[in-house]
file final.tsv (TSV, N, CA and C atoms)
chain	number	residue	atom	x	y	z
A	15	MET	N	5.43	-104.76	109.95
A	15	MET	CA	6.43	-103.72	110.09
A	15	MET	C	7.58	-104.21	110.96
A	16	ALA	N	8.77	-103.69	110.69
A	16	ALA	CA	9.95	-104.10	111.44
A	16	ALA	C	9.86	-103.72	112.91
A	17	ILE	N	9.12	-102.67	113.22
A	17	ILE	CA	9.00	-102.24	114.62
A	17	ILE	C	8.27	-103.29	115.45
A	18	TYR	N	7.36	-104.04	114.82
A	18	TYR	CA	6.68	-105.12	115.56
A	18	TYR	C	7.65	-106.25	115.90
A	19	GLY	N	8.60	-106.49	115.01
A	19	GLY	CA	9.63	-107.49	115.31
A	19	GLY	C	10.47	-107.07	116.50
A	20	THR	N	10.77	-105.78	116.58
A	20	THR	CA	11.52	-105.25	117.72
A	20	THR	C	10.70	-105.37	118.99
A	21	ALA	N	9.42	-105.08	118.90
A	21	ALA	CA	8.54	-105.20	120.07
A	21	ALA	C	8.44	-106.65	120.53
A	22	LEU	N	8.36	-107.57	119.59
A	22	LEU	CA	8.30	-108.99	119.95
A	22	LEU	C	9.59	-109.42	120.63
A	23	LEU	N	10.73	-108.97	120.12
A	23	LEU	CA	12.01	-109.28	120.76
A	23	LEU	C	12.06	-108.71	122.17
A	24	ALA	N	11.59	-107.48	122.35
A	24	ALA	CA	11.60	-106.86	123.68
A	24	ALA	C	10.72	-107.64	124.65
A	25	LEU	N	9.55	-108.06	124.19
A	25	LEU	CA	8.65	-108.84	125.03
A	25	LEU	C	9.29	-110.17	125.43
A	26	CYS	N	9.90	-110.84	124.46
A	26	CYS	CA	10.55	-112.12	124.75
A	26	CYS	C	11.74	-111.93	125.70
A	27	THR	N	12.46	-110.82	125.54
A	27	THR	CA	13.59	-110.54	126.42
A	27	THR	C	13.12	-110.32	127.85
A	28	LEU	N	12.06	-109.55	128.02
A	28	LEU	CA	11.53	-109.30	129.36
A	28	LEU	C	11.01	-110.59	130.00
A	29	LEU	N	10.28	-111.39	129.23
A	29	LEU	CA	9.78	-112.66	129.76
A	29	LEU	C	10.92	-113.61	130.09
A	30	GLY	N	11.92	-113.67	129.22
A	30	GLY	CA	13.07	-114.53	129.47
A	30	GLY	C	13.84	-114.11	130.71
A	31	ALA	N	14.02	-112.80	130.89
A	31	ALA	CA	14.72	-112.30	132.08
A	31	ALA	C	13.93	-112.64	133.34
A	32	ALA	N	12.61	-112.47	133.29
A	32	ALA	CA	11.78	-112.78	134.45
A	32	ALA	C	11.83	-114.28	134.77
A	33	LEU	N	11.74	-115.10	133.73
A	33	LEU	CA	11.81	-116.55	133.95
A	33	LEU	C	13.20	-116.98	134.46
A	34	GLY	N	14.25	-116.33	133.96
A	34	GLY	CA	15.61	-116.61	134.43
A	34	GLY	C	15.79	-116.24	135.89
A	35	GLU	N	15.22	-115.11	136.29
A	35	GLU	CA	15.28	-114.71	137.70
A	35	GLU	C	14.49	-115.68	138.57
A	36	LEU	N	13.33	-116.09	138.09
A	36	LEU	CA	12.51	-117.06	138.83
A	36	LEU	C	13.23	-118.39	138.96
A	37	LEU	N	13.85	-118.84	137.89
A	37	LEU	CA	14.61	-120.09	137.93
A	37	LEU	C	15.80	-119.98	138.89
A	38	GLY	N	16.46	-118.84	138.90
A	38	GLY	CA	17.55	-118.62	139.84
A	38	GLY	C	17.06	-118.66	141.28
A	39	HIS	N	15.89	-118.08	141.52
A	39	HIS	CA	15.31	-118.10	142.86
A	39	HIS	C	14.95	-119.52	143.28
A	40	VAL	N	14.36	-120.28	142.37
A	40	VAL	CA	13.98	-121.67	142.67
A	40	VAL	C	15.21	-122.53	142.96
A	41	LEU	N	16.29	-122.27	142.23
A	41	LEU	CA	17.52	-123.05	142.41
A	41	LEU	C	18.42	-122.48	143.51
A	42	HIS	N	17.96	-121.42	144.18
A	42	HIS	CA	18.71	-120.77	145.25
A	42	HIS	C	20.05	-120.24	144.76
A	43	VAL	N	20.02	-119.64	143.58
A	43	VAL	CA	21.19	-119.01	142.99
A	43	VAL	C	20.89	-117.52	142.89
A	44	LYS	N	21.82	-116.70	143.31
A	44	LYS	CA	21.58	-115.26	143.28
A	44	LYS	C	21.97	-114.69	141.91
A	45	ALA	N	21.35	-115.23	140.87
A	45	ALA	CA	21.65	-114.79	139.50
A	45	ALA	C	20.50	-115.16	138.58
A	46	ASN	N	20.51	-114.55	137.43
A	46	ASN	CA	19.57	-114.89	136.37
A	46	ASN	C	20.09	-116.16	135.71
A	47	VAL	N	19.32	-117.23	135.75
A	47	VAL	CA	19.76	-118.52	135.23
A	47	VAL	C	19.09	-118.76	133.88
A	48	GLY	N	19.83	-118.56	132.81
A	48	GLY	CA	19.33	-118.90	131.48
A	48	GLY	C	18.33	-117.93	130.90
A	49	GLY	N	18.25	-116.72	131.42
A	49	GLY	CA	17.25	-115.76	130.92
A	49	GLY	C	17.41	-115.43	129.46
A	50	VAL	N	18.64	-115.27	129.00
A	50	VAL	CA	18.88	-114.93	127.60
A	50	VAL	C	18.50	-116.10	126.70
A	51	GLY	N	18.89	-117.29	127.11
A	51	GLY	CA	18.53	-118.48	126.34
A	51	GLY	C	17.03	-118.68	126.28
A	52	LEU	N	16.37	-118.47	127.41
A	52	LEU	CA	14.91	-118.59	127.43
A	52	LEU	C	14.27	-117.53	126.53
A	53	ALA	N	14.82	-116.33	126.52
A	53	ALA	CA	14.29	-115.27	125.67
A	53	ALA	C	14.40	-115.65	124.20
A	54	MET	N	15.54	-116.22	123.80
A	54	MET	CA	15.70	-116.62	122.40
A	54	MET	C	14.77	-117.77	122.05
A	55	LEU	N	14.58	-118.72	122.98
A	55	LEU	CA	13.62	-119.81	122.74
A	55	LEU	C	12.21	-119.27	122.59
A	56	LEU	N	11.85	-118.29	123.42
A	56	LEU	CA	10.53	-117.67	123.30
A	56	LEU	C	10.38	-116.96	121.97
A	57	LEU	N	11.43	-116.29	121.51
A	57	LEU	CA	11.38	-115.60	120.23
A	57	LEU	C	11.20	-116.60	119.08
A	58	ILE	N	11.90	-117.70	119.13
A	58	ILE	CA	11.77	-118.73	118.10
A	58	ILE	C	10.36	-119.31	118.13
A	59	ALA	N	9.86	-119.60	119.33
A	59	ALA	CA	8.50	-120.16	119.46
A	59	ALA	C	7.45	-119.16	118.98
A	60	ALA	N	7.62	-117.89	119.31
A	60	ALA	CA	6.65	-116.88	118.88
A	60	ALA	C	6.66	-116.73	117.36
A	61	LYS	N	7.84	-116.75	116.77
A	61	LYS	CA	7.95	-116.64	115.31
A	61	LYS	C	7.27	-117.84	114.64
A	62	ALA	N	7.50	-119.04	115.16
A	62	ALA	CA	6.88	-120.24	114.60
A	62	ALA	C	5.36	-120.19	114.77
A	63	TRP	N	4.91	-119.72	115.93
A	63	TRP	CA	3.48	-119.64	116.21
A	63	TRP	C	2.81	-118.66	115.24
A	64	LEU	N	3.43	-117.51	115.04
A	64	LEU	CA	2.88	-116.52	114.10
A	64	LEU	C	2.90	-117.05	112.67
A	65	ALA	N	3.96	-117.77	112.30
A	65	ALA	CA	4.05	-118.31	110.94
A	65	ALA	C	2.96	-119.34	110.68
A	66	ARG	N	2.70	-120.20	111.66
A	66	ARG	CA	1.66	-121.22	111.51
A	66	ARG	C	0.28	-120.60	111.33
A	67	ARG	N	0.06	-119.47	111.95
A	67	ARG	CA	-1.24	-118.82	111.87
A	67	ARG	C	-1.34	-117.82	110.71
A	68	GLY	N	-0.27	-117.71	109.93
A	68	GLY	CA	-0.28	-116.82	108.78
A	68	GLY	C	-0.18	-115.35	109.14
A	69	LYS	N	0.28	-115.03	110.34
A	69	LYS	CA	0.36	-113.65	110.79
A	69	LYS	C	1.78	-113.09	110.74
A	70	LEU	N	2.71	-113.87	110.21
A	70	LEU	CA	4.10	-113.43	110.13
A	70	LEU	C	4.28	-112.69	108.82
A	71	THR	N	4.03	-111.40	108.86
A	71	THR	CA	4.16	-110.57	107.67
A	71	THR	C	5.64	-110.40	107.33
A	72	PRO	N	5.95	-110.04	106.10
A	72	PRO	CA	7.37	-109.85	105.74
A	72	PRO	C	8.08	-108.82	106.62
A	73	GLY	N	7.41	-107.74	106.97
A	73	GLY	CA	8.03	-106.74	107.83
A	73	GLY	C	8.30	-107.25	109.23
A	74	LEU	N	7.35	-107.98	109.78
A	74	LEU	CA	7.53	-108.56	111.11
A	74	LEU	C	8.65	-109.59	111.08
A	75	ARG	N	8.66	-110.42	110.05
A	75	ARG	CA	9.71	-111.43	109.91
A	75	ARG	C	11.08	-110.77	109.81
A	76	LEU	N	11.17	-109.70	109.03
A	76	LEU	CA	12.43	-108.98	108.87
A	76	LEU	C	12.90	-108.41	110.20
A	77	GLY	N	11.98	-107.82	110.97
A	77	GLY	CA	12.35	-107.26	112.27
A	77	GLY	C	12.82	-108.32	113.24
A	78	VAL	N	12.12	-109.44	113.28
A	78	VAL	CA	12.50	-110.53	114.18
A	78	VAL	C	13.86	-111.10	113.78
A	79	GLU	N	14.04	-111.34	112.50
A	79	GLU	CA	15.31	-111.93	112.03
A	79	GLU	C	16.48	-110.97	112.23
A	80	PHE	N	16.27	-109.69	111.95
A	80	PHE	CA	17.35	-108.73	112.11
A	80	PHE	C	17.81	-108.66	113.56
A	81	TRP	N	16.86	-108.48	114.48
A	81	TRP	CA	17.24	-108.36	115.88
A	81	TRP	C	17.70	-109.69	116.45
A	82	GLY	N	17.16	-110.78	115.95
A	82	GLY	CA	17.65	-112.09	116.39
A	82	GLY	C	19.10	-112.29	116.00
A	83	LEU	N	19.46	-111.86	114.79
A	83	LEU	CA	20.84	-111.98	114.33
A	83	LEU	C	21.77	-111.03	115.09
A	84	MET	N	21.29	-109.86	115.43
A	84	MET	CA	22.12	-108.89	116.16
A	84	MET	C	22.24	-109.25	117.63
A	85	TYR	N	21.17	-109.80	118.18
A	85	TYR	CA	21.06	-110.05	119.61
A	85	TYR	C	22.00	-111.17	120.07
A	86	ILE	N	22.02	-112.25	119.35
A	86	ILE	CA	22.79	-113.41	119.77
A	86	ILE	C	24.29	-113.10	119.88
A	87	PRO	N	24.95	-112.53	118.87
A	87	PRO	CA	26.39	-112.28	119.03
A	87	PRO	C	26.71	-111.30	120.15
A	88	ILE	N	25.87	-110.29	120.34
A	88	ILE	CA	26.13	-109.31	121.39
A	88	ILE	C	26.05	-109.97	122.76
A	89	VAL	N	25.00	-110.76	122.98
A	89	VAL	CA	24.82	-111.41	124.28
A	89	VAL	C	25.90	-112.45	124.52
A	90	VAL	N	26.26	-113.20	123.49
A	90	VAL	CA	27.32	-114.20	123.64
A	90	VAL	C	28.64	-113.52	124.00
A	91	ALA	N	28.94	-112.40	123.36
A	91	ALA	CA	30.18	-111.68	123.67
A	91	ALA	C	30.16	-111.16	125.11
A	92	MET	N	29.02	-110.64	125.55
A	92	MET	CA	28.93	-110.14	126.93
A	92	MET	C	29.09	-111.29	127.92
A	93	ALA	N	28.43	-112.40	127.66
A	93	ALA	CA	28.51	-113.54	128.57
A	93	ALA	C	29.92	-114.13	128.57
A	94	ALA	N	30.55	-114.17	127.40
A	94	ALA	CA	31.91	-114.72	127.32
A	94	ALA	C	32.88	-113.88	128.12
A	95	GLN	N	32.72	-112.57	128.08
A	95	GLN	CA	33.60	-111.70	128.85
A	95	GLN	C	33.44	-111.97	130.35
A	96	GLN	N	32.21	-112.10	130.80
A	96	GLN	CA	31.96	-112.39	132.22
A	96	GLN	C	32.52	-113.75	132.59
A	97	ASN	N	32.34	-114.73	131.71
A	97	ASN	CA	32.82	-116.07	132.00
A	97	ASN	C	34.34	-116.13	132.07
A	98	VAL	N	35.01	-115.39	131.21
A	98	VAL	CA	36.48	-115.38	131.22
A	98	VAL	C	36.99	-114.75	132.52
A	99	LEU	N	36.38	-113.65	132.92
A	99	LEU	CA	36.80	-113.01	134.17
A	99	LEU	C	36.57	-113.93	135.36
A	100	ALA	N	35.42	-114.60	135.39
A	100	ALA	CA	35.12	-115.53	136.48
A	100	ALA	C	36.08	-116.72	136.45
A	101	ALA	N	36.41	-117.19	135.27
A	101	ALA	CA	37.31	-118.34	135.16
A	101	ALA	C	38.70	-117.99	135.64
A	102	LEU	N	39.17	-116.81	135.29
A	102	LEU	CA	40.51	-116.41	135.72
A	102	LEU	C	40.58	-116.25	137.23
A	103	GLU	N	39.49	-115.82	137.84
A	103	GLU	CA	39.45	-115.69	139.29
A	103	GLU	C	39.21	-117.03	139.97
A	104	GLY	N	38.66	-118.00	139.24
A	104	GLY	CA	38.31	-119.30	139.81
A	104	GLY	C	39.46	-120.28	139.91
A	105	GLY	N	40.57	-119.99	139.29
A	105	GLY	CA	41.71	-120.88	139.40
A	105	GLY	C	41.96	-121.65	138.12
A	106	PRO	N	43.03	-122.44	138.11
A	106	PRO	CA	43.44	-123.13	136.88
A	106	PRO	C	42.47	-124.23	136.44
A	107	MET	N	41.79	-124.88	137.35
A	107	MET	CA	40.90	-125.98	136.96
A	107	MET	C	39.74	-125.47	136.11
A	108	VAL	N	39.23	-124.29	136.43
A	108	VAL	CA	38.13	-123.71	135.65
A	108	VAL	C	38.61	-123.36	134.25
A	109	VAL	N	39.82	-122.82	134.14
A	109	VAL	CA	40.38	-122.47	132.84
A	109	VAL	C	40.59	-123.74	132.01
A	110	ILE	N	41.11	-124.79	132.63
A	110	ILE	CA	41.33	-126.06	131.93
A	110	ILE	C	39.99	-126.63	131.44
A	111	ALA	N	38.96	-126.57	132.28
A	111	ALA	CA	37.64	-127.08	131.88
A	111	ALA	C	37.09	-126.28	130.71
A	112	GLY	N	37.26	-124.97	130.73
A	112	GLY	CA	36.77	-124.13	129.64
A	112	GLY	C	37.49	-124.42	128.33
A	113	ILE	N	38.81	-124.54	128.40
A	113	ILE	CA	39.60	-124.85	127.19
A	113	ILE	C	39.22	-126.23	126.65
A	114	SER	N	39.00	-127.18	127.54
A	114	SER	CA	38.59	-128.53	127.12
A	114	SER	C	37.23	-128.51	126.42
A	115	ALA	N	36.29	-127.76	126.97
A	115	ALA	CA	34.96	-127.68	126.36
A	115	ALA	C	35.02	-127.06	124.97
A	116	VAL	N	35.79	-125.98	124.82
A	116	VAL	CA	35.91	-125.33	123.51
A	116	VAL	C	36.60	-126.26	122.50
A	117	THR	N	37.63	-126.95	122.94
A	117	THR	CA	38.33	-127.89	122.05
A	117	THR	C	37.41	-129.01	121.60
A	118	LEU	N	36.62	-129.53	122.53
A	118	LEU	CA	35.66	-130.58	122.18
A	118	LEU	C	34.63	-130.09	121.17
A	119	CYS	N	34.14	-128.87	121.36
A	119	CYS	CA	33.17	-128.31	120.41
A	119	CYS	C	33.77	-128.15	119.03
A	120	PHE	N	35.00	-127.64	118.96
A	120	PHE	CA	35.66	-127.51	117.65
A	120	PHE	C	35.83	-128.87	116.98
A	121	ALA	N	36.21	-129.88	117.77
A	121	ALA	CA	36.39	-131.22	117.22
A	121	ALA	C	35.07	-131.78	116.71
A	122	LEU	N	33.99	-131.54	117.44
A	122	LEU	CA	32.69	-132.04	117.01
A	122	LEU	C	32.20	-131.34	115.75
A	123	VAL	N	32.51	-130.07	115.59
A	123	VAL	CA	32.14	-129.37	114.36
A	123	VAL	C	32.85	-130.02	113.17
A	124	ALA	N	34.13	-130.34	113.34
A	124	ALA	CA	34.88	-131.00	112.27
A	124	ALA	C	34.30	-132.37	111.95
A	125	VAL	N	33.95	-133.13	112.99
A	125	VAL	CA	33.37	-134.47	112.79
A	125	VAL	C	32.03	-134.35	112.08
A	126	LEU	N	31.18	-133.42	112.52
A	126	LEU	CA	29.88	-133.25	111.86
A	126	LEU	C	30.04	-132.82	110.41
A	127	GLY	N	31.04	-132.00	110.14
A	127	GLY	CA	31.30	-131.59	108.76
A	127	GLY	C	31.66	-132.76	107.87
A	128	ARG	N	32.45	-133.68	108.42
A	128	ARG	CA	32.82	-134.87	107.64
A	128	ARG	C	31.65	-135.83	107.48
A	129	VAL	N	30.86	-136.00	108.54
A	129	VAL	CA	29.74	-136.93	108.49
A	129	VAL	C	28.67	-136.43	107.53
A	130	MET	N	28.38	-135.12	107.59
A	130	MET	CA	27.33	-134.57	106.74
A	130	MET	C	27.80	-134.40	105.29
A	131	GLY	N	29.09	-134.31	105.09
A	131	GLY	CA	29.60	-134.14	103.73
A	131	GLY	C	29.12	-132.85	103.13
A	132	GLY	N	28.55	-132.93	101.95
A	132	GLY	CA	28.03	-131.76	101.27
A	132	GLY	C	26.57	-131.50	101.55
A	133	ARG	N	25.96	-132.35	102.37
A	133	ARG	CA	24.53	-132.19	102.65
A	133	ARG	C	24.29	-131.04	103.61
A	134	HIS	N	23.21	-130.34	103.42
A	134	HIS	CA	22.82	-129.24	104.31
A	134	HIS	C	21.40	-129.47	104.75
A	135	GLY	N	21.10	-129.04	106.00
A	135	GLY	CA	19.71	-129.09	106.49
A	135	GLY	C	19.44	-130.37	107.08

call {"tool": "encode", "arguments": {"input": "final.tsv", "output": "structure tokens"}}
result
Amino acid sequence: MAIYGTALLALCTLLGAALGELLGHVLHVKANVGGVGLAMLLLIAAKAWLARRGKLTPGLRLGVEFWGLMYIPIVVAMAAQQNVLAALEGGPMVVIAGISAVTLCFALVAVLGRVMGGRHG
């Protein structure tokens, strides 16, 4: 059922947030460090684990995939907004570094597109 996919996402989110807080504490940072990323990695690992054991029913798979697809853009947008505000307050060097990183990523996507050609996967 799709509700189990939602429950699995919620569990992974809670575990990821807890691990992010723990990592922030270990690194002496007063913030959640990578909690969202850890949550998504846990979700991917849980989905793979269930698939290997034959317990990934179509409904569960649908729930995990739906919320996984919805979750990533929302969290990225929220994080991007926070990062932009912090960058603008951090001065011009932070803005230059951010623009450079985005430009490099766009360039690498173009390079990978040419290298891979028409091949996928």

call {"tool": "residues_around", "arguments": {"input": "final.tsv", "residues": "Val47 (chain A)", "least_positions_apart": "4", "cutoff": "12 Å", "atoms": "only C-alpha atoms", "output": "list in words"}}
result
Gly30, Ala31, Ala32, Leu33, Gly34, Glu35, Leu36, Leu37, Gly38, His39, Val40, Leu41, His42, Val43, Gly51, Leu52 and Ala53 of chain A

call {"tool": "closest_residue", "arguments": {"input": "final.tsv", "among": "A:Phe80, A:Leu23, A:Arg75, A:Ala124", "to": "Leu55 (chain A)", "atoms": "only C-alpha atoms"}}
result
A:Leu23

call {"tool": "axis_aligned_box", "arguments": {"input": "final.tsv", "around": "region 38-57 of chain A", "padding_each_side": "5 Å", "output": "JSON"}}
result
{"center_x": 16.2, "center_y": -118.8, "center_z": 132.2, "size_x": 21.6, "size_y": 18.5, "size_z": 36.2}

call {"tool": "select_by_dssp", "arguments": {"input": "final.tsv", "residues": "chain A", "states": "alpha helix (DSSP H)", "output": "JSON, numbers by chain"}}
result
{"A": [16, 17, 18, 19, 20, 21, 22, 23, 24, 25, 26, 27, 28, 29, 30, 31, 32, 33, 34, 35, 36, 37, 38, 39, 40, 49, 50, 51, 52, 53, 54, 55, 56, 57, 58, 59, 60, 61, 62, 63, 64, 65, 66, 72, 73, 74, 75, 76, 77, 78, 79, 80, 81, 82, 83, 84, 85, 86, 87, 88, 89, 90, 91, 92, 93, 94, 95, 96, 97, 98, 99, 100, 101, 102, 103, 104, 106, 107, 108, 109, 110, 111, 112, 113, 114, 115, 116, 117, 118, 119, 120, 121, 122, 123, 124, 125, 126, 127, 128, 129, 130]}

call {"tool": "atom_distance", "arguments": {"input": "final.tsv", "atom1": "atom C of Lys44 (chain A)", "atom2": "atom N of Leu29 (chain A)"}}
result
17.6 Å

call {"tool": "residues_around", "arguments": {"input": "final.tsv", "residues": "Trp81 (chain A)", "least_positions_apart": "4", "cutoff": "7 Å", "atoms": "all atoms listed in the file", "output": "ChimeraX atom specification"}}
result
/A:19-20,76-77,85-86

call {"tool": "atom_distance", "arguments": {"input": "final.tsv", "atom1": "CA of Ala62 (chain A)", "atom2": "CA of Ala21 (chain A)"}}
result
16.1 Å

call {"tool": "atom_distance", "arguments": {"input": "final.tsv", "atom1": "atom N of Leu74 (chain A)", "atom2": "atom C of Ile17 (chain A)"}}
result
7.4 Å

call {"tool": "closest_residue", "arguments": {"input": "final.tsv", "among": "A:Cys26, A:Ile88, A:Ala111, A:Val116", "to": "Met54 (chain A)", "atoms": "only N, CA and C atoms"}}
result
A:Cys26

call {"tool": "closest_residue", "arguments": {"input": "final.tsv", "among": "A:Ala121, A:Ser114, A:Thr27, A:Glu79", "to": "Val50 (chain A)", "atoms": "only N, CA and C atoms"}}
result
A:Thr27

call {"tool": "closest_residue", "arguments": {"input": "final.tsv", "among": "A:Met107, A:Val78, A:Leu122, A:Ala24", "to": "Ala65 (chain A)", "atoms": "only C-alpha atoms"}}
result
A:Val78
